[in-house]
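Below: target17.pdb (PDB, C-alpha atoms)
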```pdb
ATOM      1  CA  MET A   1      18.260   4.821-105.786  1.00  0.00           C
ATOM      2  CA  LYS A   2      20.481   3.813-102.894  1.00  0.00           C
ATOM      3  CA  GLU A   3      18.890   3.663 -99.436  1.00  0.00           C
ATOM      4  CA  THR A   4      20.893   4.033 -96.220  1.00  0.00           C
ATOM      5  CA  THR A   5      19.631   3.664 -92.672  1.00  0.00           C
ATOM      6  CA  LEU A   6      21.175   6.118 -90.209  1.00  0.00           C
ATOM      7  CA  GLU A   7      22.123   5.609 -86.541  1.00  0.00           C
ATOM      8  CA  ILE A   8      18.435   5.716 -85.622  1.00  0.00           C
ATOM      9  CA  ARG A   9      17.143   2.859 -87.751  1.00  0.00           C
ATOM     10  CA  ASP A  10      13.792   4.432 -88.666  1.00  0.00           C
ATOM     11  CA  VAL A  11      15.494   7.473 -90.243  1.00  0.00           C
ATOM     12  CA  LYS A  12      16.684   6.849 -93.795  1.00  0.00           C
ATOM     13  CA  VAL A  13      18.631   8.621 -96.511  1.00  0.00           C
ATOM     14  CA  PHE A  14      17.820   8.098-100.158  1.00  0.00           C
ATOM     15  CA  MET A  15      20.650   8.819-102.597  1.00  0.00           C
ATOM     16  CA  PRO A  16      19.215   9.130-106.092  1.00  0.00           C
ATOM     17  CA  ASP A  17      20.637   7.772-109.309  1.00  0.00           C
ATOM     18  CA  ILE A  18      21.390  10.989-111.160  1.00  0.00           C
ATOM     19  CA  HIS A  19      21.519  10.878-114.941  1.00  0.00           C
ATOM     20  CA  HIS A  20      23.717  13.667-116.354  1.00  0.00           C
ATOM     21  CA  ASP A  21      24.270  14.755-119.917  1.00  0.00           C
ATOM     22  CA  ASP A  22      25.409  17.965-121.614  1.00  0.00           C
ATOM     23  CA  ARG A  23      21.918  19.458-121.103  1.00  0.00           C
ATOM     24  CA  GLY A  24      21.791  18.939-117.321  1.00  0.00           C
ATOM     25  CA  PHE A  25      20.499  16.105-115.146  1.00  0.00           C
ATOM     26  CA  PHE A  26      17.467  13.973-114.316  1.00  0.00           C
ATOM     27  CA  PHE A  27      16.566  11.948-111.224  1.00  0.00           C
ATOM     28  CA  GLU A  28      13.502  10.596-109.456  1.00  0.00           C
ATOM     29  CA  THR A  29      12.585  12.613-106.364  1.00  0.00           C
ATOM     30  CA  PHE A  30       9.941  10.191-105.144  1.00  0.00           C
ATOM     31  CA  ARG A  31       8.613   6.696-105.764  1.00  0.00           C
ATOM     32  CA  SER A  32       5.909   5.208-103.516  1.00  0.00           C
ATOM     33  CA  ALA A  33       7.833   1.918-103.313  1.00  0.00           C
ATOM     34  CA  TRP A  34      10.534   3.662-101.248  1.00  0.00           C
ATOM     35  CA  LEU A  35       8.145   4.103 -98.308  1.00  0.00           C
ATOM     36  CA  PRO A  36       5.261   1.737 -99.057  1.00  0.00           C
ATOM     37  CA  SER A  37       3.669   2.019 -95.591  1.00  0.00           C
ATOM     38  CA  PHE A  38       3.093   5.765 -95.962  1.00  0.00           C
ATOM     39  CA  ASP A  39       0.822   7.933 -98.056  1.00  0.00           C
ATOM     40  CA  PHE A  40       1.883  11.503 -98.716  1.00  0.00           C
ATOM     41  CA  VAL A  41      -0.830  14.174 -98.654  1.00  0.00           C
ATOM     42  CA  GLN A  42       0.952  17.537 -98.739  1.00  0.00           C
ATOM     43  CA  ASP A  43       4.066  19.088-100.295  1.00  0.00           C
ATOM     44  CA  ASN A  44       5.782  22.132 -98.770  1.00  0.00           C
ATOM     45  CA  HIS A  45       8.506  24.517 -99.894  1.00  0.00           C
ATOM     46  CA  SER A  46      10.414  27.014 -97.754  1.00  0.00           C
ATOM     47  CA  SER A  47      13.143  29.442 -98.737  1.00  0.00           C
ATOM     48  CA  SER A  48      15.490  30.782 -96.081  1.00  0.00           C
ATOM     49  CA  THR A  49      18.643  32.854 -95.708  1.00  0.00           C
ATOM     50  CA  LYS A  50      21.947  31.810 -94.136  1.00  0.00           C
ATOM     51  CA  GLY A  51      21.686  31.182 -90.408  1.00  0.00           C
ATOM     52  CA  THR A  52      17.939  30.532 -90.405  1.00  0.00           C
ATOM     53  CA  LEU A  53      17.195  27.729 -87.971  1.00  0.00           C
ATOM     54  CA  ARG A  54      13.727  26.230 -88.304  1.00  0.00           C
ATOM     55  CA  GLY A  55      12.769  23.722 -85.639  1.00  0.00           C
ATOM     56  CA  LEU A  56      12.708  21.481 -83.878  1.00  0.00           C
ATOM     57  CA  HIS A  57       9.030  20.998 -84.826  1.00  0.00           C
ATOM     58  CA  TYR A  58       6.438  18.239 -84.658  1.00  0.00           C
ATOM     59  CA  GLN A  59       2.702  17.653 -84.548  1.00  0.00           C
ATOM     60  CA  TYR A  60       1.363  15.455 -81.753  1.00  0.00           C
ATOM     61  CA  GLU A  61      -2.275  14.603 -82.538  1.00  0.00           C
ATOM     62  CA  ASN A  62      -1.611  14.501 -86.299  1.00  0.00           C
ATOM     63  CA  PRO A  63       2.020  13.392 -86.539  1.00  0.00           C
ATOM     64  CA  GLN A  64       3.763  13.896 -89.836  1.00  0.00           C
ATOM     65  CA  GLY A  65       6.388  11.848 -91.564  1.00  0.00           C
ATOM     66  CA  LYS A  66       8.500  14.041 -93.823  1.00  0.00           C
ATOM     67  CA  LEU A  67      10.579  13.228 -96.887  1.00  0.00           C
ATOM     68  CA  VAL A  68      12.853  16.260 -97.155  1.00  0.00           C
ATOM     69  CA  ARG A  69      15.381  17.586 -99.663  1.00  0.00           C
ATOM     70  CA  VAL A  70      17.155  20.767-100.710  1.00  0.00           C
ATOM     71  CA  THR A  71      16.751  22.118-104.242  1.00  0.00           C
ATOM     72  CA  LYS A  72      18.988  25.178-103.805  1.00  0.00           C
ATOM     73  CA  GLY A  73      21.797  25.735-101.317  1.00  0.00           C
ATOM     74  CA  GLU A  74      22.716  23.632 -98.306  1.00  0.00           C
ATOM     75  CA  VAL A  75      21.256  22.855 -94.873  1.00  0.00           C
ATOM     76  CA  PHE A  76      22.115  20.754 -91.856  1.00  0.00           C
ATOM     77  CA  ASP A  77      18.990  18.712 -91.193  1.00  0.00           C
ATOM     78  CA  VAL A  78      18.152  17.105 -87.831  1.00  0.00           C
ATOM     79  CA  ALA A  79      15.645  14.484 -86.655  1.00  0.00           C
ATOM     80  CA  VAL A  80      15.072  13.869 -82.915  1.00  0.00           C
ATOM     81  CA  ASP A  81      13.298  10.740 -81.670  1.00  0.00           C
ATOM     82  CA  MET A  82      10.329  11.901 -79.538  1.00  0.00           C
ATOM     83  CA  ARG A  83       8.919   8.393 -78.927  1.00  0.00           C
ATOM     84  CA  ALA A  84       9.229   7.789 -75.170  1.00  0.00           C
ATOM     85  CA  SER A  85       8.999   4.000 -75.611  1.00  0.00           C
ATOM     86  CA  SER A  86      11.757   3.891 -78.247  1.00  0.00           C
ATOM     87  CA  SER A  87      15.250   2.600 -77.474  1.00  0.00           C
ATOM     88  CA  THR A  88      16.545   5.708 -79.268  1.00  0.00           C
ATOM     89  CA  PHE A  89      14.297   8.213 -77.433  1.00  0.00           C
ATOM     90  CA  GLY A  90      15.952  11.649 -77.172  1.00  0.00           C
ATOM     91  CA  GLN A  91      18.663  10.747 -79.668  1.00  0.00           C
ATOM     92  CA  TRP A  92      19.213  12.742 -82.836  1.00  0.00           C
ATOM     93  CA  VAL A  93      20.694  12.261 -86.279  1.00  0.00           C
ATOM     94  CA  GLY A  94      21.907  15.012 -88.560  1.00  0.00           C
ATOM     95  CA  ARG A  95      22.694  15.125 -92.238  1.00  0.00           C
ATOM     96  CA  THR A  96      23.887  17.802 -94.635  1.00  0.00           C
ATOM     97  CA  LEU A  97      21.468  18.062 -97.533  1.00  0.00           C
ATOM     98  CA  SER A  98      22.327  20.140-100.572  1.00  0.00           C
ATOM     99  CA  GLU A  99      21.501  20.854-104.171  1.00  0.00           C
ATOM    100  CA  GLU A 100      24.799  19.113-104.998  1.00  0.00           C
ATOM    101  CA  ASN A 101      24.271  15.803-103.175  1.00  0.00           C
ATOM    102  CA  LYS A 102      20.505  15.732-103.941  1.00  0.00           C
ATOM    103  CA  GLU A 103      19.915  13.393-100.982  1.00  0.00           C
ATOM    104  CA  LEU A 104      16.459  12.894 -99.508  1.00  0.00           C
ATOM    105  CA  LEU A 105      16.015  12.340 -95.768  1.00  0.00           C
ATOM    106  CA  TRP A 106      13.075  10.382 -94.346  1.00  0.00           C
ATOM    107  CA  VAL A 107      11.966  11.727 -90.955  1.00  0.00           C
ATOM    108  CA  PRO A 108       9.275   9.341 -89.622  1.00  0.00           C
ATOM    109  CA  PRO A 109       6.210  10.331 -87.586  1.00  0.00           C
ATOM    110  CA  GLY A 110       7.124  10.609 -83.908  1.00  0.00           C
ATOM    111  CA  PHE A 111      10.234  12.698 -84.567  1.00  0.00           C
ATOM    112  CA  ALA A 112      10.901  16.399 -84.131  1.00  0.00           C
ATOM    113  CA  HIS A 113      12.520  17.961 -87.190  1.00  0.00           C
ATOM    114  CA  GLY A 114      14.574  21.052 -87.905  1.00  0.00           C
ATOM    115  CA  PHE A 115      17.287  22.474 -90.098  1.00  0.00           C
ATOM    116  CA  LEU A 116      19.963  25.170 -90.169  1.00  0.00           C
ATOM    117  CA  VAL A 117      20.723  26.989 -93.436  1.00  0.00           C
ATOM    118  CA  LEU A 118      24.459  26.841 -94.205  1.00  0.00           C
ATOM    119  CA  SER A 119      24.473  28.567 -97.616  1.00  0.00           C
ATOM    120  CA  GLU A 120      23.537  32.168 -98.438  1.00  0.00           C
ATOM    121  CA  ARG A 121      20.015  30.937 -99.305  1.00  0.00           C
ATOM    122  CA  ALA A 122      18.385  27.519 -99.331  1.00  0.00           C
ATOM    123  CA  ASP A 123      15.183  26.181-100.833  1.00  0.00           C
ATOM    124  CA  PHE A 124      13.869  23.271 -98.804  1.00  0.00           C
ATOM    125  CA  VAL A 125      11.066  21.034-100.093  1.00  0.00           C
ATOM    126  CA  TYR A 126       9.301  18.156 -98.402  1.00  0.00           C
ATOM    127  CA  LYS A 127       6.441  15.717 -98.654  1.00  0.00           C
ATOM    128  CA  CYS A 128       4.263  15.096 -95.574  1.00  0.00           C
ATOM    129  CA  THR A 129       2.221  12.072 -94.528  1.00  0.00           C
ATOM    130  CA  ASN A 130      -0.331  14.231 -92.704  1.00  0.00           C
ATOM    131  CA  TYR A 131      -1.724  17.713 -93.191  1.00  0.00           C
ATOM    132  CA  TYR A 132      -0.432  20.717 -91.297  1.00  0.00           C
ATOM    133  CA  THR A 133      -2.857  21.237 -88.401  1.00  0.00           C
ATOM    134  CA  PRO A 134      -2.932  24.678 -86.731  1.00  0.00           C
ATOM    135  CA  GLY A 135      -3.046  24.286 -82.968  1.00  0.00           C
ATOM    136  CA  ASP A 136      -1.209  20.954 -83.103  1.00  0.00           C
ATOM    137  CA  GLU A 137       2.211  22.569 -83.381  1.00  0.00           C
ATOM    138  CA  TYR A 138       4.890  21.662 -80.875  1.00  0.00           C
ATOM    139  CA  ALA A 139       8.588  22.325 -80.651  1.00  0.00           C
ATOM    140  CA  ILE A 140      11.591  21.491 -78.540  1.00  0.00           C
ATOM    141  CA  HIS A 141      14.458  23.894 -78.040  1.00  0.00           C
ATOM    142  CA  TRP A 142      17.063  23.668 -80.784  1.00  0.00           C
ATOM    143  CA  ASN A 143      19.908  24.037 -78.293  1.00  0.00           C
ATOM    144  CA  ASP A 144      18.676  21.741 -75.499  1.00  0.00           C
ATOM    145  CA  PRO A 145      21.792  20.627 -73.569  1.00  0.00           C
ATOM    146  CA  GLU A 146      20.196  17.211 -72.973  1.00  0.00           C
ATOM    147  CA  LEU A 147      20.104  16.636 -76.748  1.00  0.00           C
ATOM    148  CA  SER A 148      23.591  18.070 -77.402  1.00  0.00           C
ATOM    149  CA  ILE A 149      22.946  18.528 -81.107  1.00  0.00           C
ATOM    150  CA  GLU A 150      26.200  19.308 -82.885  1.00  0.00           C
ATOM    151  CA  TRP A 151      25.004  22.165 -85.090  1.00  0.00           C
ATOM    152  CA  PRO A 152      27.654  23.302 -87.597  1.00  0.00           C
ATOM    153  CA  LYS A 153      29.431  26.570 -86.837  1.00  0.00           C
ATOM    154  CA  ILE A 154      28.594  29.316 -89.319  1.00  0.00           C
ATOM    155  CA  SER A 155      29.585  32.974 -89.685  1.00  0.00           C
ATOM    156  CA  VAL A 156      26.229  34.363 -88.499  1.00  0.00           C
ATOM    157  CA  PRO A 157      24.190  33.676 -85.349  1.00  0.00           C
ATOM    158  CA  PRO A 158      21.111  31.458 -85.743  1.00  0.00           C
ATOM    159  CA  SER A 159      17.992  33.355 -86.795  1.00  0.00           C
ATOM    160  CA  LEU A 160      14.972  31.932 -84.946  1.00  0.00           C
ATOM    161  CA  SER A 161      11.242  32.544 -84.803  1.00  0.00           C
ATOM    162  CA  LYS A 162       9.822  33.611 -81.437  1.00  0.00           C
ATOM    163  CA  LYS A 163       8.189  30.183 -81.157  1.00  0.00           C
ATOM    164  CA  ASP A 164      11.539  28.451 -81.602  1.00  0.00           C
ATOM    165  CA  GLU A 165      13.372  30.829 -79.239  1.00  0.00           C
ATOM    166  CA  ASN A 166      10.832  30.014 -76.512  1.00  0.00           C
ATOM    167  CA  ALA A 167      10.422  26.295 -77.179  1.00  0.00           C
ATOM    168  CA  PRO A 168      10.623  24.025 -74.121  1.00  0.00           C
ATOM    169  CA  PHE A 169      13.432  21.578 -73.505  1.00  0.00           C
ATOM    170  CA  LEU A 170      12.851  17.873 -74.093  1.00  0.00           C
ATOM    171  CA  LYS A 171      12.124  17.201 -70.393  1.00  0.00           C
ATOM    172  CA  ALA A 172       9.073  19.513 -70.587  1.00  0.00           C
ATOM    173  CA  ALA A 173       7.912  18.512 -74.082  1.00  0.00           C
ATOM    174  CA  LYS A 174       4.835  16.536 -75.059  1.00  0.00           C
ATOM    175  CA  LEU A 175       6.099  13.067 -75.981  1.00  0.00           C
ATOM    176  CA  PHE A 176       4.855  10.242 -78.162  1.00  0.00           C
ATOM    177  CA  ARG A 177       4.357   6.937 -76.328  1.00  0.00           C
TER     178      ARG A 177
END
```
The structure in this file should be written as structure tokens.
Amino acid sequence: MKETTLEIRDVKVFMPDIHHDDRGFFFETFRSAWLPSFDFVQDNHSSSTKGTLRGLHYQYENPQGKLVRVTKGEVFDVAVDMRASSSTFGQWVGRTLSEENKELLWVPPGFAHGFLVLSERADFVYKCTNYYTPGDEYAIHWNDPELSIEWPKISVPPSLSKKDENAPFLKAAKLFR
């Protein structure tokens, strides 16, 4: 496993050692030694069609770290630093995750997270460090001009939930200290 730190040092990419043979491939998708300070309590799986944009989501009272990957298709994945005291507050990093590159992205607690589906369909799986808590759901607008996220251009308009369409901009969002 190769580990790379992105422009925001707390966000990491894990590039697995993939073992191929004529029957297919094998690789480790998780090892606790990769993120020894975190315990994972929940796994999630979503499947979405091209143009689906999910995010930018976070929980405030019960923040979640997420180790994310794509098992089918391709997405552009984004993490936004929501920690007001951080030197990288309001900055974002993006990474294309796909079934081909098999990369895993670590999105730490204190970050908003979202992704845009680039392929016809994508299956997105992730481990969480805290349970999903109804009522503790927050979002920031995916297209906030202050963030200036460089979403890839695709042939269909983004498909958003009502919650994501109406999400506040960063300046009105609930922030981590």
*For the file shown, what are the residues hit by the PyMOL selection byres ((chain A and resi 131) around 10), laid out as an NGL selection string?*
:A and (40-43 or 59 or 62-64 or 128-130 or 132-134)
Could you give me, as JSON lines, a per-residue list for stretch 85-164 of chain A showing, wherever an atom lies at most 6 Å from an atom of stretch 9-18 of chain A, the closest pair of atoms and their distance in Å to one decimal, using only C-alpha atoms and sorting by chain then residue number from low to high?
```
{"residue": "A:Glu103", "atom": "CA", "partner": "A:Met15", "partner_atom": "CA", "distance": 4.9}
{"residue": "A:Leu104", "atom": "CA", "partner": "A:Phe14", "partner_atom": "CA", "distance": 5.0}
{"residue": "A:Leu105", "atom": "CA", "partner": "A:Val13", "partner_atom": "CA", "distance": 4.6}
{"residue": "A:Trp106", "atom": "CA", "partner": "A:Lys12", "partner_atom": "CA", "distance": 5.1}
{"residue": "A:Val107", "atom": "CA", "partner": "A:Val11", "partner_atom": "CA", "distance": 5.6}
```
*What separation in Å, quoted to one decimal, exists between atom CA of A:Ala172 and atom CA of A:Ala112?*
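Computed distance, atom CA of A:Ala172 to atom CA of A:Ala112, equals 14.0 Å.
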*Excluding same-chain residues fewer than 6 positions from A:Asp144, what lies within 9 Å of it counting all atoms listed in the file, as a PyMOL selection string?*
chain A and resi 168-170
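Proximity ranking of A:Ala139, A:Val156, A:Ile149, A:Val68 relative to A:Met82 places A:Ala139 first, based on all atoms listed in the file.
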Who sits within 10 Å of A:Asn166, all atoms listed in the file, same chain under 4 positions skipped, as a PDB file with C-alpha atoms, keeping the file's coordinate frame:
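Okay, this is what ended up in part_8.pdb:
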```pdb
ATOM      1  CA  ALA A 139       8.588  22.325 -80.651  1.00  0.00           C
ATOM      2  CA  ILE A 140      11.591  21.491 -78.540  1.00  0.00           C
ATOM      3  CA  HIS A 141      14.458  23.894 -78.040  1.00  0.00           C
ATOM      4  CA  TRP A 142      17.063  23.668 -80.784  1.00  0.00           C
ATOM      5  CA  LEU A 160      14.972  31.932 -84.946  1.00  0.00           C
ATOM      6  CA  SER A 161      11.242  32.544 -84.803  1.00  0.00           C
ATOM      7  CA  LYS A 162       9.822  33.611 -81.437  1.00  0.00           C
TER       8      LYS A 162
END
```
*Can you give me, as a list in words, the residues this file yields under the PyMOL selection byres ((chain A and resi 69) around 9)?*
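In the shown coordinates, the PyMOL selection byres ((chain A and resi 69) around 9) covers Thr29, Leu67, Val68, Val70, Thr71, Leu97, Ser98, Glu99, Lys102, Glu103, Leu104, Leu105, Asp123, Phe124, Val125 and Tyr126 of chain A.
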What box, with edges along x, y and z, holds each listed atom of stretch 105-123 of chain A when 6 Å is added on every side, and can you state its centre and edge lengths in Å to one decimal, as JSON?
```
{"center_x": 15.3, "center_y": 20.8, "center_z": -92.4, "size_x": 30.3, "size_y": 34.8, "size_z": 28.9}
```
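Closest approach to A:Gly90 among A:Trp34, A:Phe176, A:Tyr60, A:Phe76: A:Phe176, based on all atoms listed in the file.
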*Between atom CA of A:Ser148 and atom CA of A:Val93, distance in Å (one decimal)*: 11.0 Å
*Could you check how far atom CA of A:Pro158 sits from atom CA of A:Ala122, in Å to one decimal?*
14.4 Å
_Could you check the closest approach to A:Glu100 for each of A:Glu165, A:Ala84, A:Lys2, A:Ser119 and tell me which residue wins, using only C-alpha atoms?_
A:Ser119
*Write out as a ChimeraX atom specification the residues lying within 9 Å of stretch 51-54 of chain A, counting all atoms listed in the file and excluding same-chain residues fewer than 3 positions away.*
/A:48,57,113-120,142,154-161,164
